[in-house]
$ cat start-v1.cif   # mmCIF, C-alpha atoms and all ligand atoms
data_structure
#
loop_
_atom_site.label_atom_id
_atom_site.label_comp_id
_atom_site.auth_asym_id
_atom_site.auth_seq_id
_atom_site.Cartn_x
_atom_site.Cartn_y
_atom_site.Cartn_z
CA MET I 1 -190.04 25.63 -3.78
CA PHE I 2 -190.74 21.92 -3.20
CA GLY I 3 -191.06 19.14 -5.77
CA LEU I 4 -192.65 15.70 -6.00
CA ILE I 5 -191.32 13.04 -8.36
CA GLY I 6 -194.08 10.52 -8.94
CA HIS I 7 -194.76 7.54 -11.18
CA LEU I 8 -197.68 5.49 -12.43
CA THR I 9 -198.49 2.06 -10.97
CA SER I 10 -199.14 0.09 -14.19
CA LEU I 11 -199.67 0.34 -17.94
CA GLU I 12 -203.43 0.53 -17.28
CA HIS I 13 -202.87 3.40 -14.86
CA ALA I 14 -200.75 5.16 -17.51
CA LYS I 15 -203.63 4.96 -20.00
CA ALA I 16 -206.15 6.33 -17.49
CA PHE I 17 -203.69 9.08 -16.55
CA ALA I 18 -203.22 10.07 -20.22
CA ARG I 19 -207.01 10.17 -20.70
CA ASP I 20 -207.42 12.40 -17.63
CA PHE I 21 -204.94 14.85 -19.11
CA GLY I 22 -206.72 14.90 -22.50
CA TYR I 23 -204.35 12.57 -24.41
CA ASP I 24 -207.03 10.08 -25.56
CA THR I 25 -204.86 9.12 -28.54
CA LEU I 26 -202.45 7.35 -26.15
CA ASP I 27 -204.97 4.59 -25.40
CA ASP I 28 -203.06 2.14 -27.60
CA ALA I 29 -199.62 3.21 -26.41
CA GLY I 30 -197.61 0.22 -25.15
CA LEU I 31 -194.66 -0.04 -22.78
CA ASP I 32 -192.23 1.11 -25.51
CA PHE I 33 -194.01 4.45 -25.73
CA TRP I 34 -193.77 5.05 -21.97
CA CYS I 35 -190.13 3.94 -22.00
CA SER I 36 -189.31 6.80 -24.34
CA ALA I 37 -191.49 9.51 -22.71
CA PRO I 38 -189.34 12.26 -21.13
CA PRO I 39 -190.16 13.59 -17.62
CA GLN I 40 -192.67 16.41 -17.45
CA ILE I 41 -193.87 18.94 -14.92
CA MET I 42 -197.58 18.15 -14.77
CA ASP I 43 -198.84 20.37 -11.95
CA ASP I 44 -198.22 23.59 -10.01
CA ILE I 45 -199.14 23.17 -6.37
CA THR I 46 -199.94 25.53 -3.49
CA VAL I 47 -200.19 24.30 0.10
CA THR I 48 -201.34 26.39 3.07
CA SER I 49 -200.26 25.33 6.56
CA ILE I 50 -202.55 25.70 9.58
CA THR I 51 -200.00 28.30 10.70
CA GLY I 52 -201.13 30.37 7.67
CA GLN I 53 -197.81 29.94 5.79
CA LYS I 54 -198.16 29.24 2.04
CA ILE I 55 -195.69 27.28 -0.08
CA HIS I 56 -195.47 26.46 -3.79
CA GLY I 57 -194.30 23.35 -5.57
CA LYS I 58 -194.30 21.29 -8.75
CA TYR I 59 -195.17 17.69 -9.61
CA VAL I 60 -192.67 15.95 -11.93
CA GLU I 61 -193.97 12.79 -13.63
CA SER I 62 -191.09 10.41 -14.39
CA PHE I 63 -193.21 8.05 -16.57
CA PHE I 64 -191.55 5.09 -14.87
CA LEU I 65 -193.83 2.02 -14.70
CA PRO I 66 -193.20 -1.04 -12.44
CA GLU I 67 -193.60 -3.22 -15.58
CA MET I 68 -190.19 -1.86 -16.67
CA LEU I 69 -188.60 -3.76 -13.76
CA ALA I 70 -190.73 -6.87 -14.37
CA MET I 71 -189.58 -6.85 -18.04
CA ARG I 72 -185.96 -6.30 -16.90
CA ARG I 73 -185.70 -2.90 -18.59
CA ILE I 74 -183.39 -1.77 -15.83
CA LYS I 75 -181.44 0.82 -17.85
CA THR I 76 -184.68 2.48 -18.86
CA ALA I 77 -185.94 2.49 -15.27
CA THR I 78 -182.74 4.11 -13.96
CA ARG I 79 -182.68 6.64 -16.82
CA LYS I 80 -186.28 7.63 -15.96
CA ILE I 81 -185.38 8.43 -12.35
CA LEU I 82 -182.15 10.31 -13.15
CA ASN I 83 -183.89 12.34 -15.89
CA ALA I 84 -186.75 13.26 -13.53
CA MET I 85 -184.26 14.37 -10.84
CA SER I 86 -182.32 16.42 -13.36
CA HIS I 87 -185.57 18.00 -14.60
CA ALA I 88 -186.52 18.96 -11.02
CA GLN I 89 -183.10 20.49 -10.38
CA LYS I 90 -183.06 22.42 -13.71
CA ASN I 91 -186.41 23.91 -12.75
CA GLY I 92 -184.94 25.40 -9.58
CA ILE I 93 -186.74 23.14 -7.09
CA ASP I 94 -185.07 23.30 -3.67
CA ILE I 95 -186.29 20.04 -2.14
CA THR I 96 -187.87 17.15 -4.04
CA ALA I 97 -189.37 13.89 -2.75
CA LEU I 98 -188.55 10.69 -4.65
CA GLY I 99 -191.97 9.03 -4.50
CA GLY I 100 -192.69 5.26 -4.39
CA PHE I 101 -190.24 3.22 -6.49
CA SER I 102 -188.11 6.26 -7.42
CA SER I 103 -186.04 6.03 -4.23
CA ILE I 104 -185.94 2.22 -4.38
CA ILE I 105 -184.48 2.33 -7.91
CA PHE I 106 -182.07 5.08 -6.82
CA GLU I 107 -180.76 2.91 -3.97
CA ASN I 108 -180.89 -0.55 -5.55
CA PHE I 109 -179.04 0.53 -8.67
CA LYS I 110 -176.63 2.81 -6.79
CA LEU I 111 -177.51 5.93 -8.78
CA GLU I 112 -175.48 8.12 -6.44
CA ASN I 113 -172.54 6.93 -8.53
CA SER I 114 -174.12 8.55 -11.61
CA PRO I 115 -174.61 12.21 -10.65
CA GLN I 116 -173.94 13.52 -14.17
CA VAL I 117 -177.08 13.74 -16.33
CA ARG I 118 -175.99 15.39 -19.60
CA ASN I 119 -174.99 18.96 -18.53
CA VAL I 120 -176.53 18.74 -15.03
CA THR I 121 -174.56 17.52 -11.99
CA LEU I 122 -177.17 16.30 -9.54
CA ASP I 123 -176.97 17.88 -6.10
CA PHE I 124 -178.31 15.09 -3.87
CA GLU I 125 -178.88 17.51 -0.97
CA ARG I 126 -181.93 18.71 -2.92
CA PHE I 127 -183.69 15.34 -2.74
CA THR I 128 -185.31 13.28 0.00
CA THR I 129 -186.80 9.79 -0.11
CA GLY I 130 -189.60 10.88 2.23
CA ASN I 131 -189.22 7.56 4.05
CA THR I 132 -188.78 9.01 7.58
CA HIS I 133 -192.19 10.67 7.44
CA THR I 134 -193.73 7.60 5.76
CA ALA I 135 -192.42 5.30 8.51
CA TYR I 136 -193.62 7.71 11.21
CA ILE I 137 -197.11 7.93 9.70
CA ILE I 138 -197.41 4.13 9.35
CA CYS I 139 -196.45 3.69 13.03
CA LYS I 140 -199.00 6.30 14.09
CA GLN I 141 -201.64 4.55 11.96
CA VAL I 142 -200.87 1.25 13.73
CA GLU I 143 -201.02 2.95 17.13
CA GLU I 144 -204.28 4.85 16.53
CA SER I 145 -206.10 2.01 14.72
CA ALA I 146 -205.14 -0.58 17.34
CA ASP I 147 -206.52 1.73 19.98
CA LYS I 148 -209.76 2.16 18.02
CA LEU I 149 -210.15 -1.62 17.62
CA GLY I 150 -209.31 -2.38 21.24
CA ILE I 151 -206.16 -4.31 20.26
CA ASP I 152 -203.59 -4.16 23.08
CA LEU I 153 -200.23 -3.54 21.41
CA LYS I 154 -198.29 -4.78 24.41
CA LYS I 155 -199.93 -8.19 23.95
CA SER I 156 -199.81 -8.20 20.12
CA SER I 157 -197.72 -9.96 17.49
CA VAL I 158 -196.83 -7.52 14.74
CA ALA I 159 -195.62 -8.91 11.40
CA VAL I 160 -193.58 -6.49 9.28
CA ILE I 161 -193.45 -7.69 5.65
CA GLY I 162 -190.41 -6.01 4.10
CA ALA I 163 -188.85 -5.68 7.57
CA THR I 164 -185.29 -5.19 6.27
CA GLY I 165 -186.25 -2.32 3.97
CA ASP I 166 -185.75 1.36 4.67
CA ILE I 167 -189.32 1.90 5.88
CA GLY I 168 -189.71 -1.62 7.34
CA SER I 169 -186.61 -1.38 9.54
CA ALA I 170 -187.72 2.04 10.85
CA VAL I 171 -191.18 0.60 11.62
CA CYS I 172 -189.49 -2.26 13.55
CA ARG I 173 -187.40 0.21 15.57
CA TRP I 174 -190.55 2.15 16.53
CA MET I 175 -192.60 -0.99 17.29
CA ASP I 176 -189.82 -2.05 19.64
CA GLY I 177 -188.70 1.27 21.12
CA ARG I 178 -191.93 3.25 21.30
CA LEU I 179 -194.77 0.72 21.32
CA ASP I 180 -193.09 -2.21 23.03
CA VAL I 181 -195.19 -4.79 21.16
CA ALA I 182 -195.17 -8.36 22.49
CA ASP I 183 -193.73 -10.02 19.37
CA LEU I 184 -192.12 -8.76 16.17
CA LEU I 185 -192.32 -11.14 13.19
CA LEU I 186 -189.68 -10.20 10.62
CA VAL I 187 -190.41 -11.15 6.99
CA ALA I 188 -188.29 -10.58 3.85
CA ARG I 189 -186.43 -12.83 1.41
CA ASN I 190 -182.76 -12.19 2.20
CA ARG I 191 -181.84 -14.10 5.39
CA ASP I 192 -178.53 -12.33 6.06
CA ARG I 193 -180.21 -8.95 6.16
CA LEU I 194 -182.96 -10.37 8.42
CA GLN I 195 -180.32 -11.65 10.83
CA GLU I 196 -178.58 -8.24 10.84
CA LEU I 197 -181.87 -6.56 11.71
CA GLN I 198 -182.58 -9.11 14.41
CA SER I 199 -179.16 -8.44 16.01
CA GLU I 200 -179.66 -4.68 15.79
CA LEU I 201 -183.06 -4.92 17.50
CA GLY I 202 -181.94 -7.63 19.91
CA ARG I 203 -185.29 -9.32 19.26
CA GLY I 204 -187.76 -10.40 16.57
CA LYS I 205 -188.63 -13.77 14.99
CA ILE I 206 -187.47 -14.36 11.42
CA MET I 207 -190.33 -16.02 9.56
CA GLU I 208 -191.61 -17.00 6.14
CA LEU I 209 -194.59 -15.01 4.92
CA SER I 210 -196.91 -18.02 4.99
CA THR I 211 -196.17 -18.77 8.65
CA ALA I 212 -196.09 -15.16 9.86
CA LEU I 213 -199.50 -14.14 8.48
CA PRO I 214 -201.62 -16.58 10.56
CA GLU I 215 -199.76 -15.58 13.76
CA ALA I 216 -200.12 -11.82 13.45
CA ASP I 217 -202.61 -9.55 15.22
CA ILE I 218 -201.25 -6.68 13.15
CA ILE I 219 -199.64 -6.89 9.69
CA VAL I 220 -197.61 -4.01 8.27
CA TRP I 221 -196.90 -4.43 4.54
CA VAL I 222 -193.93 -2.40 3.34
CA ALA I 223 -192.36 -4.70 0.76
CA SER I 224 -191.17 -3.31 -2.58
CA MET I 225 -193.16 -5.68 -4.77
CA ALA I 226 -193.85 -4.69 -8.37
CA GLN I 227 -197.06 -6.76 -8.27
CA SER I 228 -199.63 -7.32 -5.52
CA LEU I 229 -200.19 -10.65 -3.70
CA GLN I 230 -203.52 -12.39 -3.11
CA ILE I 231 -204.20 -13.19 0.56
CA ASP I 232 -206.50 -15.89 1.90
CA VAL I 233 -208.68 -14.29 4.56
CA GLU I 234 -209.39 -17.68 6.17
CA LYS I 235 -205.73 -17.98 7.17
CA LEU I 236 -205.62 -14.69 9.13
CA LYS I 237 -206.26 -14.19 12.86
CA LYS I 238 -209.54 -12.55 13.81
CA PRO I 239 -209.45 -9.70 14.58
CA CYS I 240 -206.53 -8.56 12.45
CA LEU I 241 -205.39 -5.06 11.54
CA ILE I 242 -203.59 -4.75 8.19
CA VAL I 243 -201.74 -1.58 7.21
CA ASP I 244 -200.67 -1.77 3.56
CA GLY I 245 -198.01 0.87 2.91
CA GLY I 246 -196.82 -0.53 -0.42
CA TYR I 247 -197.01 1.46 -3.65
CA PRO I 248 -198.25 -0.25 -5.76
CA LYS I 249 -200.32 -1.94 -3.05
CA ASN I 250 -198.76 -5.15 -1.66
CA MET I 251 -202.13 -6.79 -1.23
CA GLY I 252 -204.13 -7.52 -4.35
CA SER I 253 -207.23 -8.92 -2.70
CA THR I 254 -210.10 -6.95 -1.23
CA LEU I 255 -210.57 -8.71 2.09
CA LYS I 256 -214.21 -8.80 3.10
CA HIS I 257 -214.57 -9.98 6.69
CA PRO I 258 -216.00 -8.05 9.66
CA ASP I 259 -212.93 -8.79 11.80
CA ILE I 260 -210.27 -7.97 9.21
CA HIS I 261 -209.53 -4.25 9.08
CA VAL I 262 -207.45 -2.94 6.20
CA LEU I 263 -206.00 0.57 6.11
CA SER I 264 -203.97 2.30 3.37
CA GLY I 265 -200.61 2.90 5.00
CA GLY I 266 -198.29 5.88 4.61
CA ILE I 267 -201.13 8.22 3.63
CA VAL I 268 -201.80 11.58 5.29
CA GLU I 269 -204.71 13.97 5.20
CA HIS I 270 -204.11 17.71 5.27
CA CYS I 271 -206.50 19.85 7.28
CA LEU I 272 -206.99 22.33 4.39
CA ASP I 273 -207.58 21.77 0.68
CA ILE I 274 -204.37 21.63 -1.38
CA GLU I 275 -204.44 23.49 -4.70
CA TRP I 276 -203.48 20.76 -7.20
CA GLN I 277 -204.89 18.45 -9.89
CA ILE I 278 -202.47 15.57 -9.80
CA MET I 279 -203.91 13.55 -6.91
CA ASN I 280 -207.23 13.12 -8.78
CA THR I 281 -205.59 10.22 -10.61
CA ALA I 282 -204.39 8.45 -7.42
CA GLU I 283 -207.75 7.00 -6.35
CA PHE I 284 -207.95 8.79 -3.01
CA GLU I 285 -211.36 9.33 -1.40
CA ASN I 286 -210.55 13.00 -0.81
CA PRO I 287 -207.91 13.93 -3.42
CA ASN I 288 -207.86 17.60 -2.36
CA ARG I 289 -206.52 16.66 1.04
CA GLN I 290 -205.06 13.14 0.96
CA LEU I 291 -201.55 12.33 -0.23
CA PHE I 292 -198.56 10.04 0.16
CA ALA I 293 -196.55 10.71 3.32
CA CYS I 294 -193.31 10.86 1.29
CA PHE I 295 -194.72 13.73 -0.77
CA ALA I 296 -195.82 15.46 2.43
CA GLU I 297 -192.22 15.18 3.70
CA SER I 298 -190.92 17.52 0.99
CA MET I 299 -193.76 19.97 1.80
CA ILE I 300 -192.82 19.87 5.49
CA LEU I 301 -189.14 20.43 4.66
CA GLU I 302 -190.15 23.43 2.54
CA PHE I 303 -192.39 24.84 5.31
CA GLU I 304 -189.53 24.51 7.79
CA LYS I 305 -186.91 25.65 5.22
CA TRP I 306 -184.94 22.46 5.97
CA HIS I 307 -183.55 22.30 2.44
CA THR I 308 -181.62 19.10 2.98
CA ASN I 309 -181.87 15.41 2.14
CA PHE I 310 -183.61 14.62 5.44
CA SER I 311 -184.22 10.98 4.46
CA TRP I 312 -181.28 9.53 2.54
CA GLY I 313 -179.38 6.26 2.23
CA ARG I 314 -180.75 2.95 3.45
CA ASN I 315 -181.76 1.78 6.93
CA GLN I 316 -180.58 4.90 8.75
CA ILE I 317 -183.94 6.17 9.97
CA THR I 318 -183.84 6.79 13.71
CA ILE I 319 -186.73 7.12 16.15
CA GLU I 320 -185.51 10.66 16.93
CA LYS I 321 -185.72 11.73 13.26
CA MET I 322 -189.18 10.18 13.00
CA GLU I 323 -190.27 12.26 16.01
CA GLN I 324 -188.70 15.39 14.52
CA ILE I 325 -190.52 15.10 11.18
CA GLY I 326 -193.68 13.94 12.97
CA GLY I 327 -193.70 17.09 15.13
CA ALA I 328 -193.34 19.33 12.07
CA SER I 329 -196.02 17.32 10.24
CA LYS I 330 -198.55 17.98 13.02
CA LYS I 331 -197.51 21.64 13.25
CA HIS I 332 -198.40 22.21 9.58
CA GLY I 333 -201.72 20.35 9.68
CA PHE I 334 -201.01 16.84 8.35
CA LYS I 335 -202.53 13.84 10.11
CA PRO I 336 -202.34 10.08 9.46
CA LEU I 337 -205.23 8.63 7.45
CA ASP I 338 -207.40 6.82 9.96
CA LEU I 339 -209.39 3.64 9.94
CA SER I 340 -213.05 4.15 9.15
CA LEU I 341 -215.12 1.49 10.84
CA THR I 342 -218.21 0.53 8.87
P1 LIG I 401 -186.88 -1.10 0.30
O1 LIG I 401 -186.44 -1.51 -1.06
O2 LIG I 401 -185.92 -0.36 1.16
O3 LIG I 401 -187.35 -2.39 1.11
C1 LIG I 401 -188.20 -3.34 0.59
C2 LIG I 401 -188.35 -4.51 1.55
O4 LIG I 401 -189.25 -5.45 0.97
C3 LIG I 401 -187.06 -5.27 1.83
O5 LIG I 401 -187.10 -5.75 3.16
C4 LIG I 401 -187.14 -6.45 0.85
O6 LIG I 401 -186.30 -7.51 1.32
C5 LIG I 401 -188.64 -6.76 0.97
N1 LIG I 401 -189.24 -7.50 -0.15
C6 LIG I 401 -189.19 -7.22 -1.47
N2 LIG I 401 -189.89 -8.12 -2.17
C7 LIG I 401 -190.41 -9.00 -1.26
C8 LIG I 401 -191.22 -10.15 -1.36
N3 LIG I 401 -191.62 -10.61 -2.53
N4 LIG I 401 -191.58 -10.78 -0.21
C9 LIG I 401 -191.17 -10.34 1.00
N5 LIG I 401 -190.39 -9.25 1.15
C10 LIG I 401 -190.01 -8.61 0.03
O7 LIG I 401 -188.24 -0.26 0.09
P2 LIG I 401 -188.83 0.98 0.92
O8 LIG I 401 -188.76 0.67 2.36
O9 LIG I 401 -188.24 2.24 0.42
O10 LIG I 401 -190.37 0.97 0.41
C11 LIG I 401 -191.26 -0.06 0.78
C12 LIG I 401 -192.65 0.13 0.13
O11 LIG I 401 -193.21 1.37 0.56
C13 LIG I 401 -192.63 0.18 -1.40
O12 LIG I 401 -193.78 -0.47 -1.90
C14 LIG I 401 -192.74 1.66 -1.69
O13 LIG I 401 -193.27 1.94 -2.97
C15 LIG I 401 -193.67 2.12 -0.58
N6 LIG I 401 -193.53 3.54 -0.29
C16 LIG I 401 -194.64 4.24 0.08
C17 LIG I 401 -194.55 5.59 0.39
C18 LIG I 401 -195.73 6.42 0.80
O14 LIG I 401 -195.59 7.64 0.86
N7 LIG I 401 -196.87 5.83 1.10
C19 LIG I 401 -193.24 6.28 0.33
C20 LIG I 401 -192.14 5.46 -0.04
C21 LIG I 401 -192.29 4.13 -0.33
P3 LIG I 401 -185.84 -8.73 0.36
O15 LIG I 401 -185.40 -8.11 -0.93
O16 LIG I 401 -184.77 -9.41 1.13
O17 LIG I 401 -187.06 -9.59 0.20
#

$ encode --input "start-v1.cif" --output "structure tokens"
Amino acid sequence: MFGLIGHLTSLEHAKAFARDFGYDTLDDAGLDFWCSAPPQIMDDITVTSITGQKIHGKYVESFFLPEMLAMRRIKTATRKILNAMSHAQKNGIDITALGGFSSIIFENFKLENSPQVRNVTLDFERFTTGNTHTAYIICKQVEESADKLGIDLKKSSVAVIGATGDIGSAVCRWMDGRLDVADLLLVARNRDRLQELQSELGRGKIMELSTALPEADIIVWVASMAQSLQIDVEKLKKPCLIVDGGYPKNMGSTLKHPDIHVLSGGIVEHCLDIEWQIMNTAEFENPNRQLFACFAESMILEFEKWHTNFSWGRNQITIEKMEQIGGASKKHGFKPLDLSLT
């Protein structure tokens, strides 16, 4: 059985979520309420592969909200993730994806040093960040959308915002090793980590966000920002392809320009309907088939019976592992969300 640990994107999202599940009385609930809410299994899921194989899983809501980090309620945030992992393990789930901020909190606050959650000793082999599949899907989205828009990758400058992150560094490796893009613009805040990445790649220009954006033909957003940023469309190149893989979204603005093409990054579409309710709250156009690539990773691992922490630790995603999970993803009927041109 596979599991998905998810979280809500904001206090507003939490209220809408509660309403959807019939808890109208929670409309006035503030952050304190959500801080004390224990994890819950909110959905039983069945997925059928194009091979005909069927698998079953569960969705575990951690009730973590990014506002908890913004308000510096770090202990609460870490408790939420550990409790959700313990809940998944107690319920006999073999492989569980740590969605969105769950894996970021796990890594940033070194939760591997806290495996004991009351009477449960966490077995980390049963969890995956899902980042290898997410990075693979984002790279495929760049490749396929550039092709659709007639953007020649070999002549393009690609800015990766959040380049030193787990997903960002994997995207850089692929952009260099598989797509051979003309220029890689590396953006993040910590300069030492940027320099380490630059030495590893043997290329890439370290830049500030404000100088990288106007130079980029393609922008990949994979920064772990608790709040979205507003972008000025006038300052971007035309045409420009933007793939926003952040959750919550890195870009707050809706960019309306015929030559600016924005695609939700790290999202896959399954070729058959998935039996579940939970994605109805995630604002997908086709919630029966669309989902986060990290969630799809735990489904793929379950299909293949690879009950192991396929994506684990930070900045260790190799091109070979991306190809391995990508092959299995295709085999079971997942494909990257594509750019719809209007
Ligand atoms: P990491 O924490 O590993 O990396 C985050 C990166 O963002 C780092 O390079 C960090 O560097 C940079 N960053 C953070 N804040 C800023 C900022 N204000 N400006 C510029 N750079 C910044 O995160 P992951 O790689 O695990 O995840 C990245 C994003 O992808 C997150 O939003 C996450 O929720 C989303 N995600 C989406 C998934 C999906 O299935 N679609 C799955 C998993 C994650 P520095 O701190 O030095 O600035």

$ closest_residue --input "start-v1.cif" --among "I:Arg73, I:Lys335, I:Lys80, I:Arg193" --to "Gln141 of chain I" --atoms "all atoms listed in the file"
I:Lys335

$ axis_aligned_box --input "start-v1.cif" --around "ligand LIG 401 (chain I)" --padding-each-side "8 Å" --output "JSON"
{"center_x": -190.8, "center_y": -1.6, "center_z": 0.1, "size_x": 28.1, "size_y": 34.4, "size_z": 22.1}

$ residues_near_ligand --input "start-v1.cif" --ligand "ligand LIG 401 (chain I)" --cutoff "6 Å" --atoms "all atoms listed in the file" --output "mmCIF file with C-alpha atoms, keeping the file's coordinate frame"
data_model
loop_
_atom_site.group_PDB
_atom_site.id
_atom_site.type_symbol
_atom_site.label_atom_id
_atom_site.label_comp_id
_atom_site.auth_asym_id
_atom_site.auth_seq_id
_atom_site.Cartn_x
_atom_site.Cartn_y
_atom_site.Cartn_z
ATOM 1 C CA GLY I 99 -191.970 9.030 -4.500
ATOM 2 C CA GLY I 100 -192.690 5.260 -4.390
ATOM 3 C CA PHE I 101 -190.240 3.220 -6.490
ATOM 4 C CA ILE I 104 -185.940 2.220 -4.380
ATOM 5 C CA ASN I 131 -189.220 7.560 4.050
ATOM 6 C CA THR I 134 -193.730 7.600 5.760
ATOM 7 C CA ILE I 161 -193.450 -7.690 5.650
ATOM 8 C CA GLY I 162 -190.410 -6.010 4.100
ATOM 9 C CA ALA I 163 -188.850 -5.680 7.570
ATOM 10 C CA THR I 164 -185.290 -5.190 6.270
ATOM 11 C CA GLY I 165 -186.250 -2.320 3.970
ATOM 12 C CA ASP I 166 -185.750 1.360 4.670
ATOM 13 C CA ILE I 167 -189.320 1.900 5.880
ATOM 14 C CA GLY I 168 -189.710 -1.620 7.340
ATOM 15 C CA ALA I 188 -188.290 -10.580 3.850
ATOM 16 C CA ARG I 189 -186.430 -12.830 1.410
ATOM 17 C CA ASN I 190 -182.760 -12.190 2.200
ATOM 18 C CA VAL I 222 -193.930 -2.400 3.340
ATOM 19 C CA ALA I 223 -192.360 -4.700 0.760
ATOM 20 C CA SER I 224 -191.170 -3.310 -2.580
ATOM 21 C CA MET I 225 -193.160 -5.680 -4.770
ATOM 22 C CA GLY I 245 -198.010 0.870 2.910
ATOM 23 C CA GLY I 246 -196.820 -0.530 -0.420
ATOM 24 C CA TYR I 247 -197.010 1.460 -3.650
ATOM 25 C CA PRO I 248 -198.250 -0.250 -5.760
ATOM 26 C CA GLY I 266 -198.290 5.880 4.610
ATOM 27 C CA ILE I 267 -201.130 8.220 3.630
ATOM 28 C CA PHE I 292 -198.560 10.040 0.160
ATOM 29 C CA ALA I 293 -196.550 10.710 3.320
ATOM 30 C CA CYS I 294 -193.310 10.860 1.290
#

$ residues_around --input "start-v1.cif" --residues "Ser102 of chain I" --least-positions-apart "6" --cutoff "10 Å" --atoms "only C-alpha atoms" --output "PDB file with C-alpha atoms, in the frame of the given file"
ATOM      1  CA  ILE I   5    -191.320  13.040  -8.360  1.00  0.00           C
ATOM      2  CA  GLY I   6    -194.080  10.520  -8.940  1.00  0.00           C
ATOM      3  CA  HIS I   7    -194.760   7.540 -11.180  1.00  0.00           C
ATOM      4  CA  SER I  62    -191.090  10.410 -14.390  1.00  0.00           C
ATOM      5  CA  PHE I  64    -191.550   5.090 -14.870  1.00  0.00           C
ATOM      6  CA  ALA I  77    -185.940   2.490 -15.270  1.00  0.00           C
ATOM      7  CA  THR I  78    -182.740   4.110 -13.960  1.00  0.00           C
ATOM      8  CA  LYS I  80    -186.280   7.630 -15.960  1.00  0.00           C
ATOM      9  CA  ILE I  81    -185.380   8.430 -12.350  1.00  0.00           C
ATOM     10  CA  LEU I  82    -182.150  10.310 -13.150  1.00  0.00           C
ATOM     11  CA  ALA I  84    -186.750  13.260 -13.530  1.00  0.00           C
ATOM     12  CA  MET I  85    -184.260  14.370 -10.840  1.00  0.00           C
ATOM     13  CA  THR I 129    -186.800   9.790  -0.110  1.00  0.00           C
TER      14      THR I 129
END

$ residues_around --input "start-v1.cif" --residues "Ala14 of chain I" --least-positions-apart "3" --cutoff "10 Å" --atoms "only C-alpha atoms" --output "compact mmCIF listing (two decimals) with C-alpha atoms, in the coordinates of the input"
# COMPACT_ATOMS: atom_id res chain seq x y z
CA HIS I 7 -194.76 7.54 -11.18
CA LEU I 8 -197.68 5.49 -12.43
CA THR I 9 -198.49 2.06 -10.97
CA SER I 10 -199.14 0.09 -14.19
CA LEU I 11 -199.67 0.34 -17.94
CA PHE I 17 -203.69 9.08 -16.55
CA ALA I 18 -203.22 10.07 -20.22
CA ARG I 19 -207.01 10.17 -20.70
CA ASP I 20 -207.42 12.40 -17.63
CA LEU I 26 -202.45 7.35 -26.15
CA ASP I 27 -204.97 4.59 -25.40
CA ALA I 29 -199.62 3.21 -26.41
CA GLY I 30 -197.61 0.22 -25.15
CA LEU I 31 -194.66 -0.04 -22.78
CA TRP I 34 -193.77 5.05 -21.97
CA PHE I 63 -193.21 8.05 -16.57
CA PHE I 64 -191.55 5.09 -14.87
CA LEU I 65 -193.83 2.02 -14.70
CA THR I 281 -205.59 10.22 -10.61

$ residues_near_point --input "start-v1.cif" --point "(-178.6, 1.3, -12.8)" --cutoff "10 Å" --atoms "all atoms listed in the file" --output "MDAnalysis selection string"
chainID I and resid 74:79 81:82 105:114
